Amino acid sequence: MPTWSLIVWLVIGGAAGLVARSFLGGVPPFGKLGDIIIGIAGAIVGGMVVATMVPGTTGGLIITILTALAGALLLIWLSNKLKK
């Protein structure tokens, strides 16, 4: 994976974490920085899932954004459940 591709995943993942928090609402249990980190982790997990399902492709920018958002939503939802 080229370095620029990794940087794009990190930026999109961080943004996805913030957007996912606004979708789910509530008080972030780990703050905004925690949401960004969880968003990055969600983007990485989502990217691995897409790479496994469709080998040899990342799906383009739109799929990358949607994948990162879905992964961030899932991980933030899980973090809310675990924190309670």
# chains A, B, ... in the order shown; residues from 1 in each chain; ligands from 1
$ residues_around --residues "Phe23 (chain A)" --least-positions-apart "6" --cutoff "12 Å" --atoms "only C-alpha atoms" --output "ChimeraX atom specification"
/A:16-17,69-70,72-74,76-77
$ write_last_selection --atoms "C-alpha atoms" --output "compact mmCIF listing (two decimals), in the first residue's frame"
# COMPACT_ATOMS: atom_id res chain seq x y z
CA ALA A 16 -15.77 9.31 9.60
CA GLY A 17 -15.36 9.04 13.37
CA LEU A 69 -18.25 5.52 7.97
CA ALA A 70 -19.79 2.06 8.43
CA ALA A 72 -16.72 3.97 12.53
CA LEU A 73 -20.46 3.69 13.24
CA LEU A 74 -20.04 0.09 14.31
CA ILE A 76 -18.52 3.86 18.16
CA TRP A 77 -21.79 2.05 18.80
$ residues_around --residues "region 36-42 of chain A" --least-positions-apart "4" --cutoff "10 Å" --atoms "only C-alpha atoms" --output "JSON, numbers by chain"
{"A": [9, 10, 11, 12, 13, 14, 15, 16, 17, 18, 19, 20, 21, 30, 31, 32, 46, 47, 48, 67, 68, 69, 70, 71, 72, 73, 74, 75, 76, 79]}
$ closest_residue --among "A:Asn80, A:Trp4, A:Ser22, A:Thr64" --to "Ile44 (chain A)" --atoms "only C-alpha atoms"
A:Thr64
$ select_by_dssp --residues "chain A" --states "alpha helix (DSSP H)" --output "PyMOL selection string"
chain A and resi 3-24+31-53+60-83
$ atom_distance --atom1 "CA of Lys83 (chain A)" --atom2 "CA of Val49 (chain A)"
25.3 Å
$ closest_residue --among "A:Val27, A:Leu61, A:Leu66, A:Val54" --to "Ser5 (chain A)" --atoms "only C-alpha atoms"
A:Leu61
$ decode --residues "region 62-76 of chain A" --atoms "N, CA and C atoms" --output "mmCIF file, in the first residue's frame"
data_model
loop_
_atom_site.group_PDB
_atom_site.id
_atom_site.type_symbol
_atom_site.label_atom_id
_atom_site.label_comp_id
_atom_site.auth_asym_id
_atom_site.auth_seq_id
_atom_site.Cartn_x
_atom_site.Cartn_y
_atom_site.Cartn_z
ATOM 1 N N ILE A 62 -15.581 6.845 -3.114
ATOM 2 C CA ILE A 62 -16.916 6.795 -2.496
ATOM 3 C C ILE A 62 -17.056 5.553 -1.618
ATOM 4 N N ILE A 63 -16.623 4.410 -2.120
ATOM 5 C CA ILE A 63 -16.677 3.173 -1.332
ATOM 6 C C ILE A 63 -15.781 3.289 -0.102
ATOM 7 N N THR A 64 -14.638 3.937 -0.246
ATOM 8 C CA THR A 64 -13.737 4.134 0.886
ATOM 9 C C THR A 64 -14.420 4.953 1.976
ATOM 10 N N ILE A 65 -15.086 6.027 1.583
ATOM 11 C CA ILE A 65 -15.771 6.882 2.558
ATOM 12 C C ILE A 65 -16.908 6.121 3.236
ATOM 13 N N LEU A 66 -17.711 5.426 2.458
ATOM 14 C CA LEU A 66 -18.831 4.666 3.033
ATOM 15 C C LEU A 66 -18.341 3.542 3.939
ATOM 16 N N THR A 67 -17.278 2.881 3.536
ATOM 17 C CA THR A 67 -16.703 1.806 4.345
ATOM 18 C C THR A 67 -16.170 2.349 5.661
ATOM 19 N N ALA A 68 -15.461 3.468 5.595
ATOM 20 C CA ALA A 68 -14.921 4.080 6.809
ATOM 21 C C ALA A 68 -16.056 4.517 7.736
ATOM 22 N N LEU A 69 -17.111 5.085 7.166
ATOM 23 C CA LEU A 69 -18.247 5.520 7.974
ATOM 24 C C LEU A 69 -18.944 4.328 8.629
ATOM 25 N N ALA A 70 -19.141 3.255 7.874
ATOM 26 C CA ALA A 70 -19.790 2.058 8.432
ATOM 27 C C ALA A 70 -18.940 1.460 9.552
ATOM 28 N N GLY A 71 -17.651 1.361 9.336
ATOM 29 C CA GLY A 71 -16.763 0.831 10.374
ATOM 30 C C GLY A 71 -16.744 1.717 11.605
ATOM 31 N N ALA A 72 -16.716 3.041 11.406
ATOM 32 C CA ALA A 72 -16.718 3.970 12.532
ATOM 33 C C ALA A 72 -18.035 3.898 13.297
ATOM 34 N N LEU A 73 -19.157 3.822 12.573
ATOM 35 C CA LEU A 73 -20.459 3.691 13.236
ATOM 36 C C LEU A 73 -20.502 2.449 14.110
ATOM 37 N N LEU A 74 -20.031 1.350 13.566
ATOM 38 C CA LEU A 74 -20.040 0.092 14.312
ATOM 39 C C LEU A 74 -19.173 0.176 15.562
ATOM 40 N N LEU A 75 -17.954 0.669 15.424
ATOM 41 C CA LEU A 75 -17.057 0.713 16.577
ATOM 42 C C LEU A 75 -17.499 1.739 17.620
ATOM 43 N N ILE A 76 -18.039 2.876 17.192
ATOM 44 C CA ILE A 76 -18.520 3.863 18.164
ATOM 45 C C ILE A 76 -19.752 3.329 18.891
#
